[in-house]
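Q: Here you go, one structure.
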Amino acid sequence: LGTLAHRDRWHLFDQIFFTAELLDENKSSYRYWKAGIFNKHYLITPSGPYKGYPLRSYTNGRYSGGYSDHFPVYIYLVKQVNP
């Protein structure tokens, strides 16, 4: 798994950033659950030499109508609820 491919190798070095709002208040009831890579079919190059790679916005300096050279990453934070 990876968020971008280069020379037929996948790499994962994307980051998650938190906004100040999430960090300002006491959020001790939140816990990290899992992280993932958002790589839905419409974000993947369907054919050609870059088949399976992220569908890029630009290829060889020309606009190709895609999204990015990286797949987005996400995390789930779950809130503990006391009954």
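Just remember, in the structure tokens the first chain shown is A, the second B, etc., residues are 1-based per chain, and ligands are 1-based in the order shown.
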Quick one: everything within 12 Å of A:Gly52, counting only C-alpha atoms, minus sequence neighbours fewer than 6 positions away in the same chain. Send it as a list in words.

A: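 Near A:Gly52, the qualifying residues are Leu1, Gly2, Thr3, Leu4, Ala5, His6, Asp8, Arg9, Trp10, Asn39, Lys40, His41, Tyr42, Leu43, Ile44, Thr45, Pro46, Asp69, His70 and Phe71 of chain A.
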
Q: Those residues with N, CA and C atoms, as a compact mmCIF listing (two decimals), in the first residue's frame please?

A:
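Output below, filename result08.txt:
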# COMPACT_ATOMS: atom_id res chain seq x y z
N LEU A 1 0.83 -1.19 0.00
CA LEU A 1 0.00 0.00 0.00
C LEU A 1 0.87 1.24 0.00
N GLY A 2 0.35 2.29 -0.58
CA GLY A 2 1.06 3.55 -0.59
C GLY A 2 0.15 4.66 -1.06
N THR A 3 0.64 5.89 -0.96
CA THR A 3 -0.14 7.04 -1.40
C THR A 3 0.36 7.60 -2.72
N LEU A 4 1.57 7.25 -3.11
CA LEU A 4 2.06 7.64 -4.42
C LEU A 4 3.00 6.57 -4.94
N ALA A 5 3.07 6.49 -6.26
CA ALA A 5 3.95 5.51 -6.89
C ALA A 5 5.00 6.26 -7.71
N HIS A 6 6.20 5.72 -7.66
CA HIS A 6 7.30 6.29 -8.44
C HIS A 6 8.18 5.13 -8.89
N ASP A 8 7.39 2.40 -10.36
CA ASP A 8 6.73 1.14 -10.01
C ASP A 8 6.95 0.69 -8.57
N ARG A 9 7.22 1.65 -7.69
CA ARG A 9 7.31 1.37 -6.25
C ARG A 9 6.35 2.30 -5.53
N TRP A 10 5.64 1.74 -4.55
CA TRP A 10 4.71 2.54 -3.75
C TRP A 10 5.41 3.11 -2.54
N ASN A 39 -8.33 5.56 -1.79
CA ASN A 39 -7.92 5.23 -3.15
C ASN A 39 -9.08 4.61 -3.94
N LYS A 40 -10.17 5.34 -4.00
CA LYS A 40 -11.35 4.89 -4.75
C LYS A 40 -11.04 4.81 -6.24
N HIS A 41 -11.81 4.02 -6.97
CA HIS A 41 -11.54 3.74 -8.38
C HIS A 41 -11.43 5.00 -9.24
N TYR A 42 -12.21 6.03 -8.94
CA TYR A 42 -12.18 7.24 -9.77
C TYR A 42 -10.91 8.07 -9.55
N LEU A 43 -10.10 7.72 -8.58
CA LEU A 43 -8.84 8.40 -8.33
C LEU A 43 -7.65 7.66 -8.93
N ILE A 44 -7.92 6.56 -9.61
CA ILE A 44 -6.86 5.69 -10.14
C ILE A 44 -6.80 5.78 -11.66
N THR A 45 -5.60 5.89 -12.21
CA THR A 45 -5.40 5.92 -13.66
C THR A 45 -5.84 4.58 -14.24
N PRO A 46 -6.81 4.59 -15.16
CA PRO A 46 -7.37 3.32 -15.63
C PRO A 46 -6.55 2.58 -16.68
N ASP A 69 -1.16 13.61 -7.55
CA ASP A 69 -0.21 12.50 -7.71
C ASP A 69 -0.13 11.65 -6.45
N HIS A 70 -0.93 12.01 -5.42
CA HIS A 70 -1.01 11.25 -4.17
C HIS A 70 -2.46 10.89 -3.91
N PHE A 71 -2.67 9.75 -3.28
CA PHE A 71 -4.00 9.45 -2.75
C PHE A 71 -4.11 10.16 -1.40

Q: Go through A:Gly61, A:Pro72, A:Pro83, A:Pro54 and flag the residue nearest A:Gly36, using only C-alpha atoms for the distances.

A: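 Counting only C-alpha atoms, the residue closest to A:Gly36 is A:Pro72.
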
Q: Please provide the set of residues having any atom within 10 Å of stretch 24-29 of chain A, restricted to only C-alpha atoms, with same-chain residues fewer than 6 positions apart removed, written as a ChimeraX atom specification.

A: /A:77-82

Q: Going by DSSP on the backbone, which residues of chain A come out as strand (DSSP E or B)? List them as JSON, numbers by chain.

A: {"A": [4, 5, 6, 9, 10, 11, 30, 31, 32, 33, 34, 35, 36, 37, 44, 54, 58, 59, 62, 63, 73, 74, 75, 76, 77, 78, 79]}

Q: Can you write out the residues you just picked, keeping C-alpha atoms, as a JSON list (two decimals), in the first residue's frame?

A:
[["chain", "number", "residue", "atom", "x", "y", "z"],
["A", 4, "LEU", "CA", 2.06, 7.64, -4.42],
["A", 5, "ALA", "CA", 3.95, 5.51, -6.89],
["A", 6, "HIS", "CA", 7.30, 6.29, -8.44],
["A", 9, "ARG", "CA", 7.31, 1.37, -6.25],
["A", 10, "TRP", "CA", 4.71, 2.54, -3.75],
["A", 11, "HIS", "CA", 5.62, 5.03, -1.05],
["A", 30, "TYR", "CA", -11.17, 10.81, 21.72],
["A", 31, "ARG", "CA", -9.04, 7.86, 20.73],
["A", 32, "TYR", "CA", -7.25, 6.99, 17.54],
["A", 33, "TRP", "CA", -8.98, 4.02, 15.91],
["A", 34, "LYS", "CA", -7.41, 3.55, 12.47],
["A", 35, "ALA", "CA", -5.93, 5.27, 9.45],
["A", 36, "GLY", "CA", -6.43, 4.66, 5.77],
["A", 37, "ILE", "CA", -5.66, 5.60, 2.22],
["A", 44, "ILE", "CA", -6.86, 5.69, -10.14],
["A", 54, "PRO", "CA", -3.06, 8.02, -8.74],
["A", 58, "TYR", "CA", -0.80, 17.09, -14.73],
["A", 59, "THR", "CA", 1.20, 14.55, -16.73],
["A", 62, "ARG", "CA", -0.01, 18.96, -19.55],
["A", 63, "TYR", "CA", -3.32, 19.10, -17.71],
["A", 73, "VAL", "CA", -5.01, 9.86, 3.73],
["A", 74, "TYR", "CA", -7.46, 9.93, 6.63],
["A", 75, "ILE", "CA", -7.85, 8.84, 10.23],
["A", 76, "TYR", "CA", -10.75, 7.85, 12.43],
["A", 77, "LEU", "CA", -11.00, 9.33, 15.89],
["A", 78, "VAL", "CA", -13.66, 7.74, 18.07],
["A", 79, "LYS", "CA", -15.22, 9.35, 21.10]]

Q: Please measure the separation of atom CA of A:Phe17 and atom CA of A:Ser68, giving the value in Å to one decimal.

A: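 Interatomic distance here is 18.1 Å.
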
Q: Could you tell me how far atom CA of A:Ala20 lies from atom CA of A:Phe38, in Å and to one decimal?

A: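 Going from atom CA of A:Ala20 over to atom CA of A:Phe38, I get 23.8 Å.
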